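These notes concern the structure reproduced below.
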Amino acid sequence: MEMIFRKLPDDHHELEVRGRRGPDVRLAAQPTGPSMPHDLVHAAVESALGITDGFWGATAQGATFEGFEPVAPTRHRRSGLKVLRREGDAVMRAELSVNWAYRVWSGQRTEGRGLGRSPLDEQQIALASAALDRAAERWSEVAEGESLVWQW
């Protein structure tokens with residue numbers, strides 16, 4: 001599967017996903033955030049930690065997430081929901097892991113009210129942080145109007 005993150009003006013990006021089970025999909029222009037697209041954060045951390053059943057693993061299997069639309073018209077609009085019903089718990093575990101890794105990497109607080117225990121051990125945090133460093137560097141090198149291509 002191939003994810004194409006296109007850098008747009010005004011700190012926005014769009015995303016196209018090709019070669020997955022099911023139709024190719026795209027995510028219309030979204031705010032990029034302080035460092036890189038959230039879905040690129042997922043790609044970096046899930047790859048580094050070997051998470052194959054998280055957001056991108058489910059997407060590769062044909063899952064459909066809010067905001068993603070088929071690139072070309074299709075009859076099978078709801079088939080991706082079956083993947084989410086089957087893989088939903090694993091996707092949520094991955095979401096927690098990715099968000100925690102990003103929290104540590106970006107210097108946000110990791111202790112205190114409202115925060116539980118880390119779902120990651122120190123080795124996983126180190127792997128995820130190094131992957132986020134590389135992804136942020138790659139994203140920073142992308143010129144406006146150009147794309148970063150990530151292979152899954």
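By convention in this document, the chains of the structure tokens carry letters A, B, ... by their order, each chain's residues are numbered from 1, and ligands are numbered from 1 in the order they are shown.
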Problem - Contacts of Thr52 (chain A) at 10 Å (only C-alpha atoms; same-chain gap of 6+ positions) as a list in words - result: Glu46, Ala58, Ala60, Ala90, Val91, Ala94 and Trp152 of chain A
Can you write out the residues you just picked, keeping N, CA, C and O atoms, as an mmCIF file, in the first residue's frame?
data_model
loop_
_atom_site.group_PDB
_atom_site.id
_atom_site.type_symbol
_atom_site.label_atom_id
_atom_site.label_comp_id
_atom_site.auth_asym_id
_atom_site.auth_seq_id
_atom_site.Cartn_x
_atom_site.Cartn_y
_atom_site.Cartn_z
ATOM 1 N N GLU A 46 3.574 3.151 13.893
ATOM 2 C CA GLU A 46 3.103 1.783 13.664
ATOM 3 C C GLU A 46 4.162 0.958 12.943
ATOM 4 O O GLU A 46 4.371 -0.212 13.275
ATOM 5 N N ALA A 58 -5.448 -1.708 9.316
ATOM 6 C CA ALA A 58 -6.880 -1.801 9.016
ATOM 7 C C ALA A 58 -7.189 -1.130 7.681
ATOM 8 O O ALA A 58 -7.993 -1.642 6.890
ATOM 9 N N ALA A 60 -5.167 -0.886 5.145
ATOM 10 C CA ALA A 60 -4.674 -1.792 4.104
ATOM 11 C C ALA A 60 -5.667 -2.921 3.844
ATOM 12 O O ALA A 60 -5.810 -3.376 2.704
ATOM 13 N N ALA A 90 -8.001 -3.547 18.185
ATOM 14 C CA ALA A 90 -6.582 -3.406 17.853
ATOM 15 C C ALA A 90 -6.283 -1.995 17.348
ATOM 16 O O ALA A 90 -5.233 -1.423 17.675
ATOM 17 N N VAL A 91 -7.197 -1.433 16.564
ATOM 18 C CA VAL A 91 -7.016 -0.066 16.071
ATOM 19 C C VAL A 91 -6.971 0.906 17.241
ATOM 20 O O VAL A 91 -6.140 1.818 17.266
ATOM 21 N N ALA A 94 -3.644 0.668 19.031
ATOM 22 C CA ALA A 94 -2.623 1.365 18.246
ATOM 23 C C ALA A 94 -2.767 2.873 18.409
ATOM 24 O O ALA A 94 -1.764 3.585 18.535
ATOM 25 N N TRP A 152 3.654 1.069 2.782
ATOM 26 C CA TRP A 152 3.216 0.235 3.910
ATOM 27 C C TRP A 152 3.342 -1.210 3.504
ATOM 28 O O TRP A 152 2.940 -1.629 2.471
#
Handout entry: Shell around Glu16 (chain A) at 7 Å using only C-alpha atoms, local window under 5 positions removed, as a ChimeraX atom specification
Key = /A:3-5,25-27
Preceding selection exported with N, CA and C atoms as a compact mmCIF listing (two decimals), in the first residue's frame:
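Output saved as selection-v5.txt:
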# COMPACT_ATOMS: atom_id res chain seq x y z
N MET A 3 0.93 5.48 0.61
CA MET A 3 0.26 6.67 1.12
C MET A 3 1.00 7.88 0.56
N ILE A 4 0.25 8.79 -0.03
CA ILE A 4 0.84 9.97 -0.65
C ILE A 4 0.35 11.20 0.11
N PHE A 5 1.25 11.79 0.88
CA PHE A 5 0.96 12.98 1.67
C PHE A 5 1.40 14.20 0.86
N VAL A 25 -8.48 5.55 -1.76
CA VAL A 25 -9.22 6.58 -1.04
C VAL A 25 -8.36 7.82 -0.88
N ARG A 26 -9.04 8.93 -0.61
CA ARG A 26 -8.34 10.18 -0.37
C ARG A 26 -8.97 10.89 0.81
N LEU A 27 -8.15 11.70 1.45
CA LEU A 27 -8.58 12.57 2.54
C LEU A 27 -8.36 13.99 2.05
Handout entry: Selected residue, from A:Leu115, A:Ile51, A:Val45, A:Leu148, that lies nearest to Ala130 (chain A) when counting only C-alpha atoms
Key =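 Under the stated criterion, the closest residue is A:Val45.
Taking only C-alpha atoms, the non-local environment of Arg93 (chain A) within 12 Å (same-chain residues fewer than 5 positions away omitted) comprises A:Glu46, A:Ile51, A:Thr52, A:Asp53, A:Gly54, A:Phe55, A:Glu87, A:Gly88, A:Val98, A:Asn99, A:Trp100, A:Ser118, A:Pro119, A:Leu120.
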Hey, can you spit out that residue selection with C-alpha atoms as a short mmCIF file (atom, residue, chain, number, x, y, z; two decimals), in the first residue's frame?
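Output saved as again_20.cif:
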data_model
loop_
_atom_site.label_atom_id
_atom_site.label_comp_id
_atom_site.auth_asym_id
_atom_site.auth_seq_id
_atom_site.Cartn_x
_atom_site.Cartn_y
_atom_site.Cartn_z
CA GLU A 46 3.10 1.78 13.66
CA ILE A 51 1.92 -2.69 14.65
CA THR A 52 0.22 -4.44 11.75
CA ASP A 53 -3.37 -4.23 13.00
CA GLY A 54 -3.58 -0.52 13.82
CA PHE A 55 -4.91 2.36 11.73
CA GLU A 87 -10.31 -4.97 14.04
CA GLY A 88 -11.65 -2.09 16.16
CA VAL A 98 0.77 6.27 18.72
CA ASN A 99 -0.68 9.15 20.73
CA TRP A 100 1.51 8.30 23.72
CA SER A 118 2.11 4.48 29.27
CA PRO A 119 1.08 1.67 26.90
CA LEU A 120 4.72 1.59 25.74
#
Completion exercise
Atom pair CA of Gln61 (chain A) + CA of Arg21 (chain A), distance 5.1 Å
Gly22 (chain A): which residues within 8 Å, counting only C-alpha atoms, same-chain residues fewer than 2 positions away excluded, as an mmCIF file with N, CA and C atoms, in the first residue's frame?
data_model
loop_
_atom_site.group_PDB
_atom_site.id
_atom_site.type_symbol
_atom_site.label_atom_id
_atom_site.label_comp_id
_atom_site.auth_asym_id
_atom_site.auth_seq_id
_atom_site.Cartn_x
_atom_site.Cartn_y
_atom_site.Cartn_z
ATOM 1 N N ARG A 20 -4.534 -0.681 -1.681
ATOM 2 C CA ARG A 20 -5.051 -1.372 -0.502
ATOM 3 C C ARG A 20 -6.160 -2.314 -0.940
ATOM 4 N N ASP A 24 -9.110 2.773 -3.865
ATOM 5 C CA ASP A 24 -8.194 3.835 -3.450
ATOM 6 C C ASP A 24 -9.035 4.925 -2.791
ATOM 7 N N GLN A 61 -6.372 -3.343 4.900
ATOM 8 C CA GLN A 61 -7.359 -4.415 4.760
ATOM 9 C C GLN A 61 -8.695 -3.924 4.215
ATOM 10 N N GLY A 62 -8.812 -2.606 3.999
ATOM 11 C CA GLY A 62 -10.031 -2.066 3.400
ATOM 12 C C GLY A 62 -10.901 -1.251 4.328
ATOM 13 N N GLY A 80 -15.878 -1.400 4.109
ATOM 14 C CA GLY A 80 -14.792 -1.112 5.038
ATOM 15 C C GLY A 80 -15.220 -1.113 6.494
#
Practice task
Select from chain A everything DSSP, run on the backbone, classes as helix (DSSP H, G or I), then give the selection as a PyMOL selection string.
Solution key: chain A and resi 38-49+55-60+79-105+122-140
Problem - Ala48 (chain A) surroundings by only C-alpha atoms, 8 Å radius, close-in-sequence under 4 positions cut, as an NGL selection string - result: :A and (44 or 127-128 or 131)
Handout entry: Length of the CA of Ile125 (chain A) to CA of Pro37 (chain A) vector [Å]
Key = 19.3 Å
Practice task
Just give me the gap between CA of His13 (chain A) and CA of Ala29 (chain A) in Å, one decimal is fine.
Solution key: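 Atom-to-atom, CA of His13 (chain A) to CA of Ala29 (chain A), that is 5.3 Å.
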Practice task
Find, counting only C-alpha atoms, the residue in A:Ala63, A:Leu96, A:Val71, A:Ala136 that gets nearest to Arg18 (chain A).
Solution key: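 Residue with the minimum atom-to-atom distance to Arg18 (chain A): A:Val71.
Checking A:Thr32, A:Pro73, A:Val142, A:Ser129 one by one against Arg103 (chain A), counting only C-alpha atoms, you find the shortest gap at A:Ser129.
Minimum atom-to-atom distance to Gln124 (chain A), evaluated using only C-alpha atoms, belongs to A:Gly50 out of A:Gly107, A:Gly50, A:Gly112, A:Gly67.
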Practice task
Could you check which of A:His12, A:Arg117, A:Arg138, A:His42 is closest to Gln30 (chain A), using only C-alpha atoms?
Solution key: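 Among A:His12, A:Arg117, A:Arg138, A:His42, it is A:His12 that comes nearest to Gln30 (chain A).
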Practice task
Just the strand (DSSP E) stuff from region 25-124 of chain A, please, per backbone DSSP, written as a ChimeraX atom specification.
Solution key: /A:25-31,68-70
Could you save those same residues with N, CA and C atoms as a PDB file, in the first residue's frame?
ATOM      1  N   VAL A  25      -8.482   5.549  -1.761  1.00  0.00           N
ATOM      2  CA  VAL A  25      -9.218   6.579  -1.036  1.00  0.00           C
ATOM      3  C   VAL A  25      -8.360   7.823  -0.885  1.00  0.00           C
ATOM      4  N   ARG A  26      -9.042   8.932  -0.606  1.00  0.00           N
ATOM      5  CA  ARG A  26      -8.337  10.183  -0.370  1.00  0.00           C
ATOM      6  C   ARG A  26      -8.971  10.891   0.812  1.00  0.00           C
ATOM      7  N   LEU A  27      -8.155  11.700   1.449  1.00  0.00           N
ATOM      8  CA  LEU A  27      -8.579  12.572   2.538  1.00  0.00           C
ATOM      9  C   LEU A  27      -8.365  13.991   2.048  1.00  0.00           C
ATOM     10  N   ALA A  28      -9.432  14.762   2.004  1.00  0.00           N
ATOM     11  CA  ALA A  28      -9.347  16.141   1.530  1.00  0.00           C
ATOM     12  C   ALA A  28      -8.457  16.963   2.458  1.00  0.00           C
ATOM     13  N   ALA A  29      -8.153  18.172   2.047  1.00  0.00           N
ATOM     14  CA  ALA A  29      -7.241  19.059   2.777  1.00  0.00           C
ATOM     15  C   ALA A  29      -7.575  19.109   4.268  1.00  0.00           C
ATOM     16  N   GLN A  30      -6.537  18.921   5.070  1.00  0.00           N
ATOM     17  CA  GLN A  30      -6.624  18.912   6.532  1.00  0.00           C
ATOM     18  C   GLN A  30      -5.508  19.778   7.094  1.00  0.00           C
ATOM     19  N   PRO A  31      -5.716  20.383   8.290  1.00  0.00           N
ATOM     20  CA  PRO A  31      -4.596  21.059   8.943  1.00  0.00           C
ATOM     21  C   PRO A  31      -3.492  20.045   9.257  1.00  0.00           C
ATOM     22  N   PHE A  68     -12.352   9.931   4.817  1.00  0.00           N
ATOM     23  CA  PHE A  68     -11.792   9.319   3.620  1.00  0.00           C
ATOM     24  C   PHE A  68     -12.908   9.023   2.630  1.00  0.00           C
ATOM     25  N   GLU A  69     -12.656   9.355   1.385  1.00  0.00           N
ATOM     26  CA  GLU A  69     -13.610   9.117   0.308  1.00  0.00           C
ATOM     27  C   GLU A  69     -12.926   8.347  -0.803  1.00  0.00           C
ATOM     28  N   PRO A  70     -13.679   7.497  -1.515  1.00  0.00           N
ATOM     29  CA  PRO A  70     -13.087   6.801  -2.661  1.00  0.00           C
ATOM     30  C   PRO A  70     -12.595   7.806  -3.704  1.00  0.00           C
TER      31      PRO A  70
END
Within 7 Å of Glu2 (chain A) using only C-alpha atoms, minus same-chain residues under 3 positions, as a PDB file with all heavy atoms, in the first residue's frame:
ATOM      1  N   VAL A  17      -4.468   7.229  -0.667  1.00  0.00           N
ATOM      2  CA  VAL A  17      -4.015   5.885  -0.317  1.00  0.00           C
ATOM      3  C   VAL A  17      -4.346   4.963  -1.482  1.00  0.00           C
ATOM      4  O   VAL A  17      -5.503   4.843  -1.888  1.00  0.00           O
ATOM      5  CB  VAL A  17      -4.703   5.385   0.976  1.00  0.00           C
ATOM      6  CG1 VAL A  17      -4.166   4.015   1.366  1.00  0.00           C
ATOM      7  CG2 VAL A  17      -4.518   6.387   2.110  1.00  0.00           C
ATOM      8  N   ARG A  18      -3.297   4.313  -2.010  1.00  0.00           N
ATOM      9  CA  ARG A  18      -3.436   3.431  -3.175  1.00  0.00           C
ATOM     10  C   ARG A  18      -2.945   2.022  -2.853  1.00  0.00           C
ATOM     11  O   ARG A  18      -2.077   1.855  -2.007  1.00  0.00           O
ATOM     12  CB  ARG A  18      -2.597   3.960  -4.340  1.00  0.00           C
ATOM     13  CG  ARG A  18      -2.972   5.343  -4.800  1.00  0.00           C
ATOM     14  CD  ARG A  18      -2.033   5.783  -5.896  1.00  0.00           C
ATOM     15  NE  ARG A  18      -2.310   7.156  -6.304  1.00  0.00           N
ATOM     16  CZ  ARG A  18      -1.480   7.904  -6.980  1.00  0.00           C
ATOM     17  NH1 ARG A  18      -0.294   7.422  -7.324  1.00  0.00           N
ATOM     18  NH2 ARG A  18      -1.799   9.132  -7.321  1.00  0.00           N
ATOM     19  N   GLY A  19      -3.487   1.065  -3.578  1.00  0.00           N
ATOM     20  CA  GLY A  19      -2.979  -0.301  -3.484  1.00  0.00           C
ATOM     21  C   GLY A  19      -3.408  -1.037  -2.240  1.00  0.00           C
ATOM     22  O   GLY A  19      -2.735  -1.962  -1.801  1.00  0.00           O
ATOM     23  N   VAL A 149       5.888  10.162  -0.211  1.00  0.00           N
ATOM     24  CA  VAL A 149       5.284   8.861  -0.460  1.00  0.00           C
ATOM     25  C   VAL A 149       5.797   7.888   0.583  1.00  0.00           C
ATOM     26  O   VAL A 149       7.001   7.761   0.795  1.00  0.00           O
ATOM     27  CB  VAL A 149       5.601   8.350  -1.882  1.00  0.00           C
ATOM     28  CG1 VAL A 149       5.008   6.972  -2.107  1.00  0.00           C
ATOM     29  CG2 VAL A 149       5.113   9.348  -2.922  1.00  0.00           C
ATOM     30  N   TRP A 150       4.867   7.213   1.262  1.00  0.00           N
ATOM     31  CA  TRP A 150       5.195   6.250   2.310  1.00  0.00           C
ATOM     32  C   TRP A 150       4.669   4.885   1.884  1.00  0.00           C
ATOM     33  O   TRP A 150       3.503   4.759   1.521  1.00  0.00           O
ATOM     34  CB  TRP A 150       4.532   6.680   3.629  1.00  0.00           C
ATOM     35  CG  TRP A 150       5.012   5.915   4.810  1.00  0.00           C
ATOM     36  CD1 TRP A 150       4.656   4.653   5.178  1.00  0.00           C
ATOM     37  CD2 TRP A 150       5.908   6.372   5.812  1.00  0.00           C
ATOM     38  NE1 TRP A 150       5.290   4.291   6.334  1.00  0.00           N
ATOM     39  CE2 TRP A 150       6.067   5.349   6.750  1.00  0.00           C
ATOM     40  CE3 TRP A 150       6.606   7.572   6.003  1.00  0.00           C
ATOM     41  CZ2 TRP A 150       6.885   5.464   7.862  1.00  0.00           C
ATOM     42  CZ3 TRP A 150       7.415   7.690   7.122  1.00  0.00           C
ATOM     43  CH2 TRP A 150       7.546   6.632   8.045  1.00  0.00           C
ATOM     44  N   GLN A 151       5.518   3.894   1.911  1.00  0.00           N
ATOM     45  CA  GLN A 151       5.128   2.527   1.564  1.00  0.00           C
ATOM     46  C   GLN A 151       4.757   1.764   2.824  1.00  0.00           C
ATOM     47  O   GLN A 151       5.483   1.798   3.815  1.00  0.00           O
ATOM     48  CB  GLN A 151       6.281   1.801   0.862  1.00  0.00           C
ATOM     49  CG  GLN A 151       6.724   2.444  -0.427  1.00  0.00           C
ATOM     50  CD  GLN A 151       5.685   2.387  -1.523  1.00  0.00           C
ATOM     51  OE1 GLN A 151       4.919   1.422  -1.623  1.00  0.00           O
ATOM     52  NE2 GLN A 151       5.634   3.424  -2.333  1.00  0.00           N
ATOM     53  N   TRP A 152       3.654   1.069   2.782  1.00  0.00           N
ATOM     54  CA  TRP A 152       3.216   0.235   3.910  1.00  0.00           C
ATOM     55  C   TRP A 152       3.342  -1.210   3.504  1.00  0.00           C
ATOM     56  O   TRP A 152       2.940  -1.629   2.471  1.00  0.00           O
ATOM     57  CB  TRP A 152       1.770   0.562   4.288  1.00  0.00           C
ATOM     58  CG  TRP A 152       1.307  -0.220   5.456  1.00  0.00           C
ATOM     59  CD1 TRP A 152       0.556  -1.370   5.415  1.00  0.00           C
ATOM     60  CD2 TRP A 152       1.535   0.047   6.838  1.00  0.00           C
ATOM     61  NE1 TRP A 152       0.299  -1.804   6.682  1.00  0.00           N
ATOM     62  CE2 TRP A 152       0.892  -0.958   7.581  1.00  0.00           C
ATOM     63  CE3 TRP A 152       2.213   1.046   7.522  1.00  0.00           C
ATOM     64  CZ2 TRP A 152       0.911  -1.002   8.970  1.00  0.00           C
ATOM     65  CZ3 TRP A 152       2.225   1.003   8.895  1.00  0.00           C
ATOM     66  CH2 TRP A 152       1.577  -0.005   9.618  1.00  0.00           C
TER      67      TRP A 152
END
Problem - Using only C-alpha atoms: which of A:Met36, A:Thr59, A:Asp10, A:Ala101 has the shortest distance to Glu141 (chain A) - result: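 Under the stated criterion, the closest residue is A:Met36.
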